[in-house]
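Asks: What follows is a structure written as structure tokens; I'll ask about it next.
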Amino acid sequence: MANLPPPPTTLASSSGASSSNNDRRLSPAEQLVLDICDPKLRENALVELSKRRDIFQDLAPLLWHSFGTIAALLQEITSVYSLLTPPKMTSDQSNRVCNALALLQCVAAHPETRMLFLNAQMPLYLYAFLNTSSKSRPFEYLRLTSLGVIGALVKVDDTEVIKFLLKTEIVPLCLRTMEIGSELSKTVATFIVQKVLLDDVGLEYMCIKADRFFALGRVLENMVTSLAEGPSPRLLRHIIRCYLRLTDNPKACEALRNCLPDLLRDASFSSCLYDDPSARQWLQQLLHNIRVGSPAPRGFEQMRRLSGTEGSLCLNLGCLST
């Protein structure tokens, strides 16, 4: 966070009342950013900035380059780590952290600050929230907002972003959320996995080792089964897109011949996909690829046996290791 724009005199004024002459010349966004560094004003500043972040131009660079602002946001995030296990976070505490996370999402999404955010390894501070298992509202809200930050990073196709995320625990953490999260959290987590797969580096990563592919396959299959009871067109389209992308890998395509859920082979989701022509086309292409896919390269059967997944390839897999 070098080359910080506010001069020391301006920063000093942030600790005083907002009625000072210097502060009155600041824009509303600049004043609120300065207020983040004042513990007495921080909570209100977080609320106002998170609510109005879409209308403040260049808020992300302002947040990143303002002295002490990112450190204050990290302080908000790390201050609740002790409340994660055992789970004892209140709604007010969760909302406050989520407001800080919303500002980090703004930084992650901006082209000027995205790589700075990534190079500082900021996503790692969010992983503790994705590793929780509590389904209570405060924890689910925290999980969803954290996923939103990662989603902002992957929304723009960038191999460097994917490479960074693959070096961390993001894939197993997303798989975990795809199993235990709410419908919305599952949707965002599946979108992140989809974006990982759409990158050639990400597809190779997920298919080069059998345990990674089978872990993903098991989670996708479980979600498809659950959607038969409570359909979600938005979630289903991301699941189908993940499956379709996997067919671009010969080994994965061959495996899907055996473990693609029957619910995707028949007309079970016809009504769910009625208003989504793109998803219907993806599903048709998926089934076509599986029918005409080339035989698996030598070595895949050995990988399958080593993974302990004889029989149904996507069942009975407990390992989520990447």
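Chain labels follow the order of the structure tokens: the first chain is A, the next B, and so on; residue numbering restarts at 1 in every chain, and ligands are counted from 1 in their shown order.
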I need the alpha helix (DSSP H) residues of stretch 8-240 of chain A per DSSP on the backbone, written as a VMD selection string.
Replies: chain A and resid 8 to 13 21 to 24 28 to 36 42 to 52 59 to 65 69 to 78 91 to 109 114 to 119 127 to 130 137 to 155 159 to 166 170 to 180 183 to 198 200 to 208 210 to 229 233 to 240
Asks: Output as a tab-separated table one row per residue of stretch 33-89 of chain A within 9 Å of stretch 106-113 of chain A: the closest atom pair and its distance in Å to one decimal place, counting only C-alpha atoms, sorted by chain and residue number ascending.
Replies:
residue	atom	partner	partner_atom	distance
A:Ser50	CA	A:Cys106	CA	9.0
A:Arg53	CA	A:Cys106	CA	7.4
A:Asp54	CA	A:Cys106	CA	8.5
A:Asp58	CA	A:His110	CA	8.2
A:Leu59	CA	A:Cys106	CA	7.6
A:Ala60	CA	A:Val107	CA	4.5
A:Pro61	CA	A:Thr113	CA	6.3
A:Leu63	CA	A:Val107	CA	7.5
A:Trp64	CA	A:Val107	CA	7.2
Asks: Residues at most 9 Å from A:Leu118, counting only C-alpha atoms, excluding those fewer than 2 positions away in the same chain, as a PyMOL selection string?
Replies: chain A and resi 108+113-116+120-123+153+161+164
Asks: Take the residues from that selection and put them in a file with C-alpha atoms, as a PDB file, in the first residue's frame.
Replies:
ATOM      1  CA  ALA A 108     -11.440  -7.453  -5.777  1.00  0.00           C
ATOM      2  CA  THR A 113      -6.855  -3.097  -7.571  1.00  0.00           C
ATOM      3  CA  ARG A 114      -7.657  -6.725  -8.429  1.00  0.00           C
ATOM      4  CA  MET A 115      -4.075  -7.919  -8.814  1.00  0.00           C
ATOM      5  CA  LEU A 116      -2.881  -5.783  -5.903  1.00  0.00           C
ATOM      6  CA  ALA A 120      -1.299  -9.280  -1.045  1.00  0.00           C
ATOM      7  CA  GLN A 121      -2.958 -12.711  -0.616  1.00  0.00           C
ATOM      8  CA  MET A 122      -6.049 -11.048   0.793  1.00  0.00           C
ATOM      9  CA  PRO A 123      -8.405 -13.954  -0.093  1.00  0.00           C
ATOM     10  CA  LEU A 153     -12.106 -12.187  -8.575  1.00  0.00           C
ATOM     11  CA  VAL A 161      -6.295 -15.355 -10.678  1.00  0.00           C
ATOM     12  CA  PHE A 164      -3.445 -18.179  -7.357  1.00  0.00           C
TER      13      PHE A 164
END
Asks: Have a look at A:Leu227, A:Leu173, A:Cys253, A:Leu184 and name the one nearest to A:Cys207; count only C-alpha atoms.
Replies: A:Cys253
Asks: Find the spatial neighbours of A:Ser270, counting only C-alpha atoms, within a cut-off of 12 Å - ignore same-chain residues fewer than 2 positions away - and output them as a list in words.
Replies: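 My list of contacting residues is Ala228, Pro231, Pro233, Leu236, Leu263, Leu264, Arg265, Asp266, Ala267, Ser268, Cys272, Leu273, Tyr274, Asp275, Asp276, Pro277, Ala279, Arg280, Gln281, Leu283 and Gln284 of chain A.
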Asks: Quick one: distance from atom CA of A:Cys259 to atom CA of A:Leu216 in Å, one decimal?
Replies: 11.6 Å
Asks: Compile the contact shell of A:Ala189 as a VMD selection string: residues with an atom at most 7 Å away, counting only C-alpha atoms, same-chain residues fewer than 2 positions apart removed.
Replies: chain A and resid 147 174 177 to 178 185 to 187 191 to 193
Asks: Would you mind reading off the distance between atom CA of A:Val80 and atom CA of A:Ile150, one decimal, in Å?
Replies: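 Distance between the two atoms: 19.6 Å.
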Asks: Pick the closest to A:Lys135 from A:Ala29, A:His65, A:Phe269, A:Glu183: which is it, counting only C-alpha atoms?
Replies: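 Among the listed residues, A:Glu183 lies closest to A:Lys135.
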